[in-house]
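Student: So here's input-v2.pdb, just PDB, C-alpha atoms (C1' of nucleotides):
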ATOM      1  CA  MET A   1      13.287 -22.626  54.448
ATOM      2  CA  ALA A   2      12.518 -19.405  56.154
ATOM      3  CA  ARG A   3      15.287 -18.133  58.336
ATOM      4  CA  THR A   4      14.227 -17.492  61.934
ATOM      5  CA  PRO A   5      15.868 -14.490  63.570
ATOM      6  CA  ARG A   6      17.507 -15.143  66.884
ATOM      7  CA  ASP A   7      15.518 -14.524  70.042
ATOM      8  CA  VAL A   8      18.379 -12.508  71.486
ATOM      9  CA  THR A   9      21.545 -11.780  69.568
ATOM     10  CA  ASP A  10      25.049 -11.526  70.951
ATOM     11  CA  ALA A  11      25.161  -7.772  71.259
ATOM     12  CA  GLU A  12      21.610  -7.666  72.548
ATOM     13  CA  LEU A  13      22.513 -10.171  75.220
ATOM     14  CA  GLU A  14      25.341  -7.949  76.355
ATOM     15  CA  VAL A  15      22.887  -5.148  76.922
ATOM     16  CA  LEU A  16      20.444  -7.473  78.616
ATOM     17  CA  ARG A  17      23.175  -8.623  80.954
ATOM     18  CA  ALA A  18      23.866  -5.042  81.903
ATOM     19  CA  LEU A  19      20.165  -4.548  82.517
ATOM     20  CA  TRP A  20      20.062  -7.569  84.769
ATOM     21  CA  ASP A  21      22.762  -6.032  86.920
ATOM     22  CA  LEU A  22      21.264  -2.535  86.831
ATOM     23  CA  PRO A  23      17.553  -3.239  87.055
ATOM     24  CA  GLU A  24      16.557   0.336  86.319
ATOM     25  CA  ALA A  25      18.990   1.941  83.997
ATOM     26  CA  THR A  26      19.258   4.816  81.610
ATOM     27  CA  ILE A  27      20.802   4.336  78.202
ATOM     28  CA  ARG A  28      23.927   6.142  79.340
ATOM     29  CA  ALA A  29      24.380   3.866  82.324
ATOM     30  CA  LEU A  30      24.077   0.825  80.093
ATOM     31  CA  ALA A  31      26.335   2.256  77.425
ATOM     32  CA  ASP A  32      28.988   3.090  80.003
ATOM     33  CA  ARG A  33      28.820  -0.457  81.246
ATOM     34  CA  VAL A  34      28.788  -2.241  77.928
ATOM     35  CA  TYR A  35      31.282   0.066  76.216
ATOM     36  CA  PRO A  36      33.508   1.604  78.905
ATOM     37  CA  ASN A  37      34.821   4.936  77.629
ATOM     38  CA  GLY A  38      32.830   4.684  74.453
ATOM     39  CA  GLY A  39      31.658   7.753  72.618
ATOM     40  CA  ALA A  40      28.487   8.934  70.957
ATOM     41  CA  SER A  41      28.269   6.149  68.446
ATOM     42  CA  GLU A  42      28.473   3.424  71.058
ATOM     43  CA  TYR A  43      25.727   5.193  72.922
ATOM     44  CA  ALA A  44      23.614   5.081  69.789
ATOM     45  CA  THR A  45      24.405   1.429  69.313
ATOM     46  CA  VAL A  46      23.103   0.568  72.756
ATOM     47  CA  GLN A  47      20.101   2.691  71.989
ATOM     48  CA  LYS A  48      19.355   0.718  68.844
ATOM     49  CA  LEU A  49      19.868  -2.585  70.588
ATOM     50  CA  LEU A  50      17.432  -1.529  73.278
ATOM     51  CA  GLU A  51      14.942  -0.540  70.612
ATOM     52  CA  ARG A  52      15.183  -3.948  68.995
ATOM     53  CA  LEU A  53      14.931  -5.674  72.356
ATOM     54  CA  GLU A  54      11.819  -3.663  73.036
ATOM     55  CA  ASP A  55      10.331  -4.664  69.695
ATOM     56  CA  LYS A  56      10.769  -8.251  70.778
ATOM     57  CA  GLY A  57       9.108  -7.479  74.082
ATOM     58  CA  HIS A  58      12.192  -8.227  76.118
ATOM     59  CA  VAL A  59      12.659  -4.828  77.677
ATOM     60  CA  ALA A  60      10.381  -1.914  78.447
ATOM     61  CA  HIS A  61      11.019   1.738  79.076
ATOM     62  CA  ARG A  62       9.275   4.609  80.723
ATOM     63  CA  SER A  63      10.281   8.185  80.244
ATOM     64  CA  GLU A  64      11.420   9.727  83.462
ATOM     65  CA  GLY A  65      11.823  13.434  83.130
ATOM     66  CA  ARG A  66      13.869  14.051  80.070
ATOM     67  CA  GLN A  67      15.361  10.632  79.700
ATOM     68  CA  ASN A  68      14.209   7.067  79.306
ATOM     69  CA  VAL A  69      14.617   4.440  81.974
ATOM     70  CA  TYR A  70      14.787   0.868  80.807
ATOM     71  CA  THR A  71      13.877  -2.311  82.615
ATOM     72  CA  ALA A  72      14.161  -5.913  81.559
ATOM     73  CA  ARG A  73      10.939  -7.799  81.002
ATOM     74  CA  LEU A  74      12.873 -10.931  80.192
ATOM     75  CA  GLY A  75      14.859 -12.261  83.127
ATOM     76  CA  ARG A  76      17.838 -14.539  82.939
ATOM     77  CA  GLU A  77      15.650 -17.483  83.928
ATOM     78  CA  ASP A  78      13.106 -16.583  81.296
ATOM     79  CA  LEU A  79      15.765 -16.643  78.648
ATOM     80  CA  VAL A  80      17.058 -19.943  79.949
ATOM     81  CA  ALA A  81      13.531 -21.274  79.750
ATOM     82  CA  LEU A  82      13.162 -19.947  76.234
ATOM     83  CA  ARG A  83      16.375 -21.546  75.083
ATOM     84  CA  LEU A  84      15.465 -24.845  76.687
ATOM     85  CA  ARG A  85      12.092 -24.851  75.035
ATOM     86  CA  GLU A  86      13.659 -24.052  71.697
ATOM     87  CA  THR A  87      15.995 -27.000  71.845
ATOM     88  CA  ALA A  88      13.294 -29.270  73.196
ATOM     89  CA  ASP A  89      10.979 -28.261  70.376
ATOM     90  CA  SER A  90      13.481 -28.497  67.573
ATOM     91  CA  LEU A  91      15.285 -31.596  68.763
ATOM     92  CA  CYS A  92      13.150 -33.581  71.174
ATOM     93  CA  GLY A  93       9.645 -33.205  69.836
ATOM     94  CA  GLY A  94       8.859 -30.722  72.545
ATOM     95  CA  SER A  95       9.624 -33.006  75.442
ATOM     96  CA  PHE A  96      11.911 -31.929  78.225
ATOM     97  CA  THR A  97      12.830 -35.375  79.443
ATOM     98  CA  PRO A  98      15.640 -35.955  76.955
ATOM     99  CA  LEU A  99      17.194 -32.725  78.146
ATOM    100  CA  LEU A 100      16.836 -33.829  81.727
ATOM    101  CA  THR A 101      18.311 -37.244  81.280
ATOM    102  CA  HIS A 102      21.161 -35.784  79.317
ATOM    103  CA  LEU A 103      21.875 -33.239  81.981
ATOM    104  CA  VAL A 104      21.603 -35.655  84.855
ATOM    105  CA  SER A 105      23.628 -38.440  83.350
ATOM    106  CA  GLY A 106      25.941 -36.538  81.048
ATOM    107  CA  ALA A 107      26.869 -33.478  83.007
ATOM    108  CA  ARG A 108      29.244 -34.412  85.748
ATOM    109  CA  LEU A 109      27.615 -32.966  88.796
ATOM    110  CA  SER A 110      29.423 -32.410  92.018
ATOM    111  CA  ALA A 111      28.271 -34.280  95.102
ATOM    112  CA  ARG A 112      26.723 -31.104  96.319
ATOM    113  CA  GLU A 113      24.828 -30.436  93.113
ATOM    114  CA  LEU A 114      23.638 -33.998  93.136
ATOM    115  CA  ARG A 115      22.385 -33.731  96.687
ATOM    116  CA  ASP A 116      20.576 -30.509  95.910
ATOM    117  CA  LEU A 117      19.032 -32.050  92.869
ATOM    118  CA  ARG A 118      17.855 -35.092  94.771
ATOM    119  CA  ARG A 119      16.315 -32.879  97.378
ATOM    120  CA  LEU A 120      14.550 -30.931  94.675
ATOM    121  CA  VAL A 121      13.196 -34.038  93.028
ATOM    122  CA  ASP A 122      12.080 -35.445  96.347
ATOM    123  CA  SER A 123      10.257 -32.293  97.300
ATOM    124  CA  LEU A 124       8.512 -32.313  93.981
ATOM    125  CA  GLY A 125       7.481 -35.917  94.313
ATOM    126  CA  GLU A 126       5.968 -35.496  97.729
ATOM    127  CA  ARG A 127       3.936 -32.524  96.734
ATOM    128  CA  ARG A 128       1.334 -34.650  94.996
TER     129      ARG A 128
ATOM    130  CA  MET B   1      30.631  -7.433  68.989
ATOM    131  CA  ALA B   2      31.521 -10.164  66.612
ATOM    132  CA  ARG B   3      28.561 -12.084  65.299
ATOM    133  CA  THR B   4      28.817 -15.820  65.970
ATOM    134  CA  PRO B   5      27.403 -18.038  63.228
ATOM    135  CA  ARG B   6      24.911 -20.604  64.360
ATOM    136  CA  ASP B   7      26.146 -24.114  65.101
ATOM    137  CA  VAL B   8      23.425 -25.578  62.895
ATOM    138  CA  THR B   9      21.016 -23.431  60.929
ATOM    139  CA  ASP B  10      17.387 -24.171  60.193
ATOM    140  CA  ALA B  11      17.918 -25.617  56.732
ATOM    141  CA  GLU B  12      20.995 -27.490  57.858
ATOM    142  CA  LEU B  13      19.004 -29.042  60.689
ATOM    143  CA  GLU B  14      16.455 -30.266  58.200
ATOM    144  CA  VAL B  15      19.176 -32.115  56.350
ATOM    145  CA  LEU B  16      20.647 -33.420  59.585
ATOM    146  CA  ARG B  17      17.261 -34.740  60.574
ATOM    147  CA  ALA B  18      17.032 -36.621  57.318
ATOM    148  CA  LEU B  19      20.505 -38.005  57.951
ATOM    149  CA  TRP B  20      19.478 -39.188  61.377
ATOM    150  CA  ASP B  21      16.666 -41.175  59.829
ATOM    151  CA  LEU B  22      18.757 -42.446  56.932
ATOM    152  CA  PRO B  23      22.107 -43.118  58.576
ATOM    153  CA  GLU B  24      23.904 -43.717  55.303
ATOM    154  CA  ALA B  25      22.479 -41.613  52.590
ATOM    155  CA  THR B  26      23.360 -40.237  49.215
ATOM    156  CA  ILE B  27      22.635 -36.639  48.380
ATOM    157  CA  ARG B  28      19.737 -37.687  46.221
ATOM    158  CA  ALA B  29      18.117 -39.685  48.979
ATOM    159  CA  LEU B  30      18.394 -36.717  51.313
ATOM    160  CA  ALA B  31      17.172 -34.274  48.724
ATOM    161  CA  ASP B  32      14.168 -36.455  47.954
ATOM    162  CA  ARG B  33      13.353 -36.549  51.627
ATOM    163  CA  VAL B  34      13.873 -32.901  52.427
ATOM    164  CA  TYR B  35      12.350 -31.578  49.207
ATOM    165  CA  PRO B  36       9.870 -34.162  47.914
ATOM    166  CA  ASN B  37       9.537 -33.762  44.156
ATOM    167  CA  GLY B  38      12.179 -31.078  44.049
ATOM    168  CA  GLY B  39      14.304 -30.506  40.995
ATOM    169  CA  ALA B  40      17.952 -29.918  40.270
ATOM    170  CA  SER B  41      18.265 -26.734  42.257
ATOM    171  CA  GLU B  42      16.901 -28.295  45.428
ATOM    172  CA  TYR B  43      19.399 -31.077  44.955
ATOM    173  CA  ALA B  44      22.161 -28.502  44.772
ATOM    174  CA  THR B  45      20.835 -26.788  47.853
ATOM    175  CA  VAL B  46      21.065 -29.971  49.872
ATOM    176  CA  GLN B  47      24.520 -30.440  48.463
ATOM    177  CA  LYS B  48      25.628 -27.034  49.658
ATOM    178  CA  LEU B  49      24.084 -27.558  53.069
ATOM    179  CA  LEU B  50      25.942 -30.829  53.395
ATOM    180  CA  GLU B  51      29.145 -29.098  52.416
ATOM    181  CA  ARG B  52      28.685 -26.489  55.094
ATOM    182  CA  LEU B  53      27.760 -29.127  57.645
ATOM    183  CA  GLU B  54      30.923 -30.951  56.736
ATOM    184  CA  ASP B  55      32.969 -27.776  57.168
ATOM    185  CA  LYS B  56      31.624 -27.604  60.674
ATOM    186  CA  GLY B  57      32.536 -31.223  61.234
ATOM    187  CA  HIS B  58      28.963 -32.336  61.712
ATOM    188  CA  VAL B  59      28.770 -34.769  58.819
ATOM    189  CA  ALA B  60      31.294 -36.799  56.879
ATOM    190  CA  HIS B  61      31.222 -38.397  53.499
ATOM    191  CA  ARG B  62      33.028 -41.133  51.702
ATOM    192  CA  SER B  63      32.854 -41.604  47.980
ATOM    193  CA  GLU B  64      31.272 -44.892  47.118
ATOM    194  CA  GLY B  65      31.695 -45.637  43.460
ATOM    195  CA  ARG B  66      30.625 -42.575  41.595
ATOM    196  CA  GLN B  67      28.623 -40.929  44.301
ATOM    197  CA  ASN B  68      29.136 -39.693  47.808
ATOM    198  CA  VAL B  69      27.589 -41.301  50.833
ATOM    199  CA  TYR B  70      27.054 -39.066  53.803
ATOM    200  CA  THR B  71      26.857 -39.935  57.474
ATOM    201  CA  ALA B  72      26.174 -37.771  60.483
ATOM    202  CA  ARG B  73      29.015 -37.259  62.887
ATOM    203  CA  LEU B  74      26.803 -35.193  65.115
ATOM    204  CA  GLY B  75      23.933 -37.136  66.630
ATOM    205  CA  ARG B  76      20.740 -35.729  67.948
ATOM    206  CA  GLU B  77      22.015 -36.099  71.485
ATOM    207  CA  ASP B  78      25.259 -34.382  70.595
ATOM    208  CA  LEU B  79      23.370 -31.424  69.285
ATOM    209  CA  VAL B  80      21.207 -31.362  72.378
ATOM    210  CA  ALA B  81      24.376 -31.395  74.458
ATOM    211  CA  LEU B  82      25.834 -28.606  72.363
ATOM    212  CA  ARG B  83      22.780 -26.445  72.753
ATOM    213  CA  LEU B  84      22.647 -27.063  76.462
ATOM    214  CA  ARG B  85      26.268 -26.138  76.857
ATOM    215  CA  GLU B  86      25.750 -22.994  74.837
ATOM    216  CA  THR B  87      22.950 -21.774  77.024
ATOM    217  CA  ALA B  88      24.782 -22.793  80.173
ATOM    218  CA  ASP B  89      27.854 -20.906  79.044
ATOM    219  CA  SER B  90      26.123 -17.776  77.899
ATOM    220  CA  LEU B  91      23.546 -17.556  80.652
ATOM    221  CA  CYS B  92      24.630 -19.565  83.674
ATOM    222  CA  GLY B  93      28.366 -19.064  83.826
ATOM    223  CA  GLY B  94      28.893 -22.523  82.428
ATOM    224  CA  SER B  95      27.039 -24.346  85.159
ATOM    225  CA  PHE B  96      24.367 -26.861  84.342
ATOM    226  CA  THR B  97      22.569 -26.727  87.645
ATOM    227  CA  PRO B  98      20.409 -23.722  86.840
ATOM    228  CA  LEU B  99      19.212 -25.556  83.757
ATOM    229  CA  LEU B 100      18.451 -28.583  85.852
ATOM    230  CA  THR B 101      16.570 -26.788  88.561
ATOM    231  CA  HIS B 102      14.611 -24.920  85.963
ATOM    232  CA  LEU B 103      13.679 -28.087  84.153
ATOM    233  CA  VAL B 104      12.811 -29.973  87.282
ATOM    234  CA  SER B 105      10.796 -27.268  88.967
ATOM    235  CA  GLY B 106       9.537 -25.288  86.014
ATOM    236  CA  ALA B 107       8.670 -27.877  83.457
ATOM    237  CA  ARG B 108       5.593 -29.724  84.544
ATOM    238  CA  LEU B 109       6.649 -33.298  84.448
ATOM    239  CA  SER B 110       4.232 -36.149  84.412
ATOM    240  CA  ALA B 111       4.217 -38.576  87.321
ATOM    241  CA  ARG B 112       5.938 -41.061  85.118
ATOM    242  CA  GLU B 113       8.676 -38.680  84.044
ATOM    243  CA  LEU B 114       9.156 -37.718  87.640
ATOM    244  CA  ARG B 115       9.517 -41.315  88.731
ATOM    245  CA  ASP B 116      12.004 -42.005  85.972
ATOM    246  CA  LEU B 117      13.955 -38.952  86.906
ATOM    247  CA  ARG B 118      14.068 -39.910  90.567
ATOM    248  CA  ARG B 119      15.278 -43.329  89.646
ATOM    249  CA  LEU B 120      17.968 -41.799  87.492
ATOM    250  CA  VAL B 121      19.124 -39.485  90.229
ATOM    251  CA  ASP B 122      19.103 -42.275  92.767
ATOM    252  CA  SER B 123      21.157 -44.541  90.585
ATOM    253  CA  LEU B 124      23.653 -41.776  90.105
ATOM    254  CA  GLY B 125      23.899 -41.066  93.791
ATOM    255  CA  GLU B 126      24.594 -44.636  94.783
ATOM    256  CA  ARG B 127      27.338 -45.026  92.275
ATOM    257  CA  ARG B 128      29.817 -43.117  94.407
TER     258      ARG B 128
ATOM    259  C1'  DC C   1      19.875  35.512  76.199
ATOM    260  C1'  DG C   2      23.041  32.390  73.641
ATOM    261  C1'  DT C   3      25.787  28.540  73.521
ATOM    262  C1'  DC C   4      26.959  23.863  74.978
ATOM    263  C1'  DT C   5      25.771  19.636  76.304
ATOM    264  C1'  DT C   6      22.856  15.623  76.457
ATOM    265  C1'  DC C   7      18.996  13.421  75.391
ATOM    266  C1'  DT C   8      15.581  11.121  71.745
ATOM    267  C1'  DC C   9      14.128   9.525  67.328
ATOM    268  C1'  DA C  10      14.643   8.010  62.677
ATOM    269  C1'  DG C  11      17.173   6.099  59.414
ATOM    270  C1'  DA C  12      21.316   4.701  56.788
ATOM    271  C1'  DC C  13      25.508   1.690  55.909
ATOM    272  C1'  DG C  14      28.626  -2.370  55.422
ATOM    273  C1'  DT C  15      29.405  -7.045  56.389
ATOM    274  C1'  DT C  16      28.155 -11.521  56.898
ATOM    275  C1'  DA C  17      24.951 -15.471  57.245
ATOM    276  C1'  DC C  18      21.941 -18.142  54.914
ATOM    277  C1'  DG C  19      19.101 -20.184  51.610
ATOM    278  C1'  DT C  20      19.003 -20.821  46.941
ATOM    279  C1'  DC C  21      20.472 -21.450  42.372
ATOM    280  C1'  DT C  22      23.623 -21.872  37.961
ATOM    281  C1'  DG C  23      27.123 -23.715  35.130
ATOM    282  C1'  DA C  24      30.994 -26.711  33.822
ATOM    283  C1'  DG C  25      33.000 -31.004  33.670
ATOM    284  C1'  DA C  26      33.407 -36.114  34.584
ATOM    285  C1'  DA C  27      31.288 -40.630  34.904
ATOM    286  C1'  DT C  28      27.585 -43.956  33.799
ATOM    287  C1'  DC C  29      23.668 -45.728  31.370
ATOM    288  C1'  DT C  30      21.204 -47.185  27.101
TER     289       DT C  30
ATOM    290  C1'  DA D   1      26.670 -40.910  20.735
ATOM    291  C1'  DG D   2      23.483 -38.844  23.407
ATOM    292  C1'  DA D   3      21.013 -38.483  27.574
ATOM    293  C1'  DT D   4      21.316 -38.661  32.342
ATOM    294  C1'  DT D   5      23.227 -38.043  36.840
ATOM    295  C1'  DC D   6      26.741 -37.122  39.591
ATOM    296  C1'  DT D   7      30.468 -33.648  41.745
ATOM    297  C1'  DC D   8      32.615 -29.274  42.449
ATOM    298  C1'  DA D   9      33.037 -24.366  42.505
ATOM    299  C1'  DG D  10      31.055 -20.273  42.760
ATOM    300  C1'  DA D  11      27.470 -16.639  42.338
ATOM    301  C1'  DC D  12      23.177 -14.135  43.919
ATOM    302  C1'  DG D  13      19.562 -11.818  46.809
ATOM    303  C1'  DT D  14      17.630 -11.063  51.102
ATOM    304  C1'  DA D  15      17.693 -10.404  55.715
ATOM    305  C1'  DA D  16      20.126 -10.059  60.113
ATOM    306  C1'  DC D  17      23.250  -7.646  62.833
ATOM    307  C1'  DG D  18      26.343  -4.438  64.558
ATOM    308  C1'  DT D  19      27.484   0.105  63.982
ATOM    309  C1'  DC D  20      27.126   4.823  63.017
ATOM    310  C1'  DT D  21      25.188   9.669  61.476
ATOM    311  C1'  DG D  22      22.251  13.551  61.578
ATOM    312  C1'  DA D  23      18.350  16.427  63.049
ATOM    313  C1'  DG D  24      15.729  18.248  66.566
ATOM    314  C1'  DA D  25      14.123  19.075  71.516
ATOM    315  C1'  DA D  26      15.308  20.021  76.370
ATOM    316  C1'  DG D  27      18.106  21.561  80.250
ATOM    317  C1'  DA D  28      22.424  23.564  82.133
ATOM    318  C1'  DC D  29      25.070  27.683  82.748
ATOM    319  C1'  DG D  30      28.034  31.513  81.493
TER     320       DG D  30
END
Do you think you could lay out the structure here as structure tokens?
Tutor:
Amino acid sequence: MARTPRDVTDAELEVLRALWDLPEATIRALADRVYPNGGASEYATVQKLLERLEDKGHVAHRSEGRQNVYTARLGREDLVALRLRETADSLCGGSFTPLLTHLVSGARLSARELRDLRRLVDSLGERR
Amino acid sequence: MARTPRDVTDAELEVLRALWDLPEATIRALADRVYPNGGASEYATVQKLLERLEDKGHVAHRSEGRQNVYTARLGREDLVALRLRETADSLCGGSFTPLLTHLVSGARLSARELRDLRRLVDSLGERR
DNA sequence: CGTCTTCTCAGACGTTACGTCTGAGAATCT
DNA sequence: AGATTCTCAGACGTAACGTCTGAGAAGACG
């Protein structure tokens, strides 16, 4: 059994979150946000996490003047999609329907959520 | 950042899968299924994986005669639910709706799946 | 100019998870 | 009795992960 590394780890997610709030951010800005009043080592930690995120293709950077500006290539929705596909693949033979039926029947949706959902389904049905 | 162990790891899932197919199984039966023609060490591996799964509360065993019979306490659907909740919590502030809208709009559902889904939603709506 | 700060880049370190395996002892079979 | 098969407890190596250190380049500013 080979061990599969996680798509995004806990600490990496923290940085990603910061990047989602600050769409164009320097390492310092992210470090300040993730580790308020953190020192040089925390800065370096964020730096390393960004490097690993970049290796995975989840963030990109361009160098602007002297410093690097990072942007997220992986949005929150993308990560949601990724996670959903992972569970569908590993647990439902790749099909999304089990997830759907679980969510619809199991999760207790508010009346509002239910109405929105119905509207969404209806709009989808009509479109073809 | 504390590192959170995975709910079910890759190798553990393999054993769980076997347990889902063989609802009451001895270690040997599981080992034979997970590692066809595996020897003593593979047997011990399955044993250890079961032990860890039991620590997490995902399987239980009773001793039947000389040997232990294992059963899954965590079903496939439970694990699906767990995974869904995890992603909802870590990415959607605990709400399921983003998952739903993503699945409904993003995943390309077949006409049949769509019809089933609509029926499901409708039945839910009428019930209150 | 020289020093001080702030950045980047490269790599190391310690802990834990995870998959695997070994060994000892008890029970059962033949 | 001896071989087999089980259980239980623990060890081992590798990789992941979070963190940190050090060296060097580039501005800032007296």
Student: Neighbours of DC4 of chain C within 12 Å (all atoms listed in the file; same-chain residues fewer than 3 positions away dropped), as a PyMOL selection string?
Tutor: chain D and resi 27-30
Student: For atom C1' of DG22 of chain D and atom CA of Glu51 of chain A, quote the distance in Å rounded to one decimal.
Tutor: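 Value for the atom C1' of DG22 of chain D-atom CA of Glu51 of chain A distance: 18.3 Å.
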Student: May I ask for the distance between atom C1' of DT30 of chain C and atom CA of Gln47 of chain B, given in Å to one decimal place?
Tutor: 27.3 Å
Student: Identify which of the residues A:Leu53, A:Val59, A:Ala2, A:Ala44 lies closest to chain B, counting all atoms listed in the file when measuring atom-to-atom distances.
Tutor: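 Checking each candidate against chain B, we get A:Ala2 as the closest.
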Student: Which polymer residues have any atom within 8 Å of an atom of Ser41 of chain B, counting all atoms listed in the file, with same-chain residues fewer than 3 positions away left out, as a list in words?
Tutor: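 That gives Gly38, Ala44 and Thr45 of chain B; DT20 and DC21 of chain C.
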Student: Just to confirm, what's the straight-line distance from atom CA of Val46 of chain A to atom C1' of DG13 of chain D in Å (one decimal)?
Tutor: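 Separation between atom CA of Val46 of chain A and atom C1' of DG13 of chain D: 29.0 Å.
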Student: Which of these residues is nearest to chain A, using all atoms listed in the file: C:DC13, C:DC7, C:DC1, C:DA26?
Tutor: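 Using all atoms listed in the file, chain A sits closest to C:DC7.
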Student: If the PyMOL selection byres ((chain A) within 9 of (chain D)) is run on the structure shown, which residues does it catch, given as an mmCIF file with C-alpha atoms, keeping the file's coordinate frame?
Tutor:
data_model
loop_
_atom_site.group_PDB
_atom_site.id
_atom_site.type_symbol
_atom_site.label_atom_id
_atom_site.label_comp_id
_atom_site.auth_asym_id
_atom_site.auth_seq_id
_atom_site.Cartn_x
_atom_site.Cartn_y
_atom_site.Cartn_z
ATOM 1 C CA ARG A 3 15.287 -18.133 58.336
ATOM 2 C CA PRO A 5 15.868 -14.490 63.570
ATOM 3 C CA ARG A 6 17.507 -15.143 66.884
ATOM 4 C CA THR A 9 21.545 -11.780 69.568
ATOM 5 C CA ALA A 11 25.161 -7.772 71.259
ATOM 6 C CA SER A 41 28.269 6.149 68.446
ATOM 7 C CA GLU A 42 28.473 3.424 71.058
ATOM 8 C CA ALA A 44 23.614 5.081 69.789
ATOM 9 C CA THR A 45 24.405 1.429 69.313
ATOM 10 C CA ARG A 66 13.869 14.051 80.070
#
Student: Enumerate as a PyMOL selection string the residues belonging to chain C that approach chain A to within 12 Å, with all atoms listed in the file taken into account.
Tutor: chain C and resi 6-11+17-20
Student: Counting only C-alpha atoms, which residues from chain B have an atom at most 8 Å from any atom of chain A, and could you show them as a PyMOL selection string?
Tutor: chain B and resi 1-4+10-11+76-77+80-81+83-84+87+91+96-97+99-105+107+113-114+117-118+120-122+124-125
Student: Go ahead and fit an axis-aligned box to every listed atom of segment 63-74 of chain B plus 3 Å each side, and pass me the centre and edge lengths in Å, one decimal, as lines of an AutoDock Vina configuration file.
Tutor:
center_x = 29.5
center_y = -40.4
center_z = 53.4
size_x = 12.7
size_y = 16.4
size_z = 29.5
Student: So that I can look at just that part, could you write segment 22-27 of chain A with all heavy atoms, as a tab-separated table (two decimals), in the first residue's frame?
Tutor:
chain	number	residue	atom	x	y	z
A	22	LEU	N	-6.92	37.44	0.52
A	22	LEU	CA	-6.02	38.47	-0.04
A	22	LEU	C	-5.54	37.97	-1.39
A	22	LEU	O	-4.44	37.42	-1.48
A	22	LEU	CB	-4.81	38.65	0.88
A	22	LEU	CG	-4.90	39.49	2.14
A	22	LEU	CD1	-6.09	39.13	2.99
A	22	LEU	CD2	-3.62	39.35	2.95
A	23	PRO	N	-6.29	38.21	-2.43
A	23	PRO	CA	-6.04	37.51	-3.70
A	23	PRO	C	-4.65	37.73	-4.27
A	23	PRO	O	-4.19	36.92	-5.04
A	23	PRO	CB	-7.11	38.07	-4.62
A	23	PRO	CG	-8.15	38.63	-3.73
A	23	PRO	CD	-7.42	39.12	-2.53
A	24	GLU	N	-4.03	38.85	-3.93
A	24	GLU	CA	-2.67	39.08	-4.41
A	24	GLU	C	-1.86	39.45	-3.19
A	24	GLU	O	-1.99	40.56	-2.68
A	24	GLU	CB	-2.63	40.24	-5.39
A	24	GLU	CG	-3.47	40.04	-6.63
A	24	GLU	CD	-2.60	39.99	-7.87
A	24	GLU	OE1	-1.65	40.78	-7.96
A	24	GLU	OE2	-2.88	39.13	-8.73
A	25	ALA	N	-1.08	38.56	-2.72
A	25	ALA	CA	-0.44	38.82	-1.44
A	25	ALA	C	1.03	38.46	-1.45
A	25	ALA	O	1.44	37.49	-2.10
A	25	ALA	CB	-1.14	38.05	-0.33
A	26	THR	N	1.79	39.23	-0.73
A	26	THR	CA	3.20	38.94	-0.53
A	26	THR	C	3.33	37.97	0.66
A	26	THR	O	2.41	37.84	1.46
A	26	THR	CB	3.97	40.23	-0.25
A	26	THR	OG1	5.17	39.93	0.42
A	26	THR	CG2	3.15	41.14	0.62
A	27	ILE	N	4.47	37.33	0.74
A	27	ILE	CA	4.66	36.37	1.82
A	27	ILE	C	4.43	37.03	3.17
A	27	ILE	O	3.78	36.48	4.04
A	27	ILE	CB	6.09	35.79	1.77
A	27	ILE	CG1	6.32	35.10	0.41
A	27	ILE	CG2	6.28	34.79	2.88
A	27	ILE	CD1	7.66	34.41	0.32
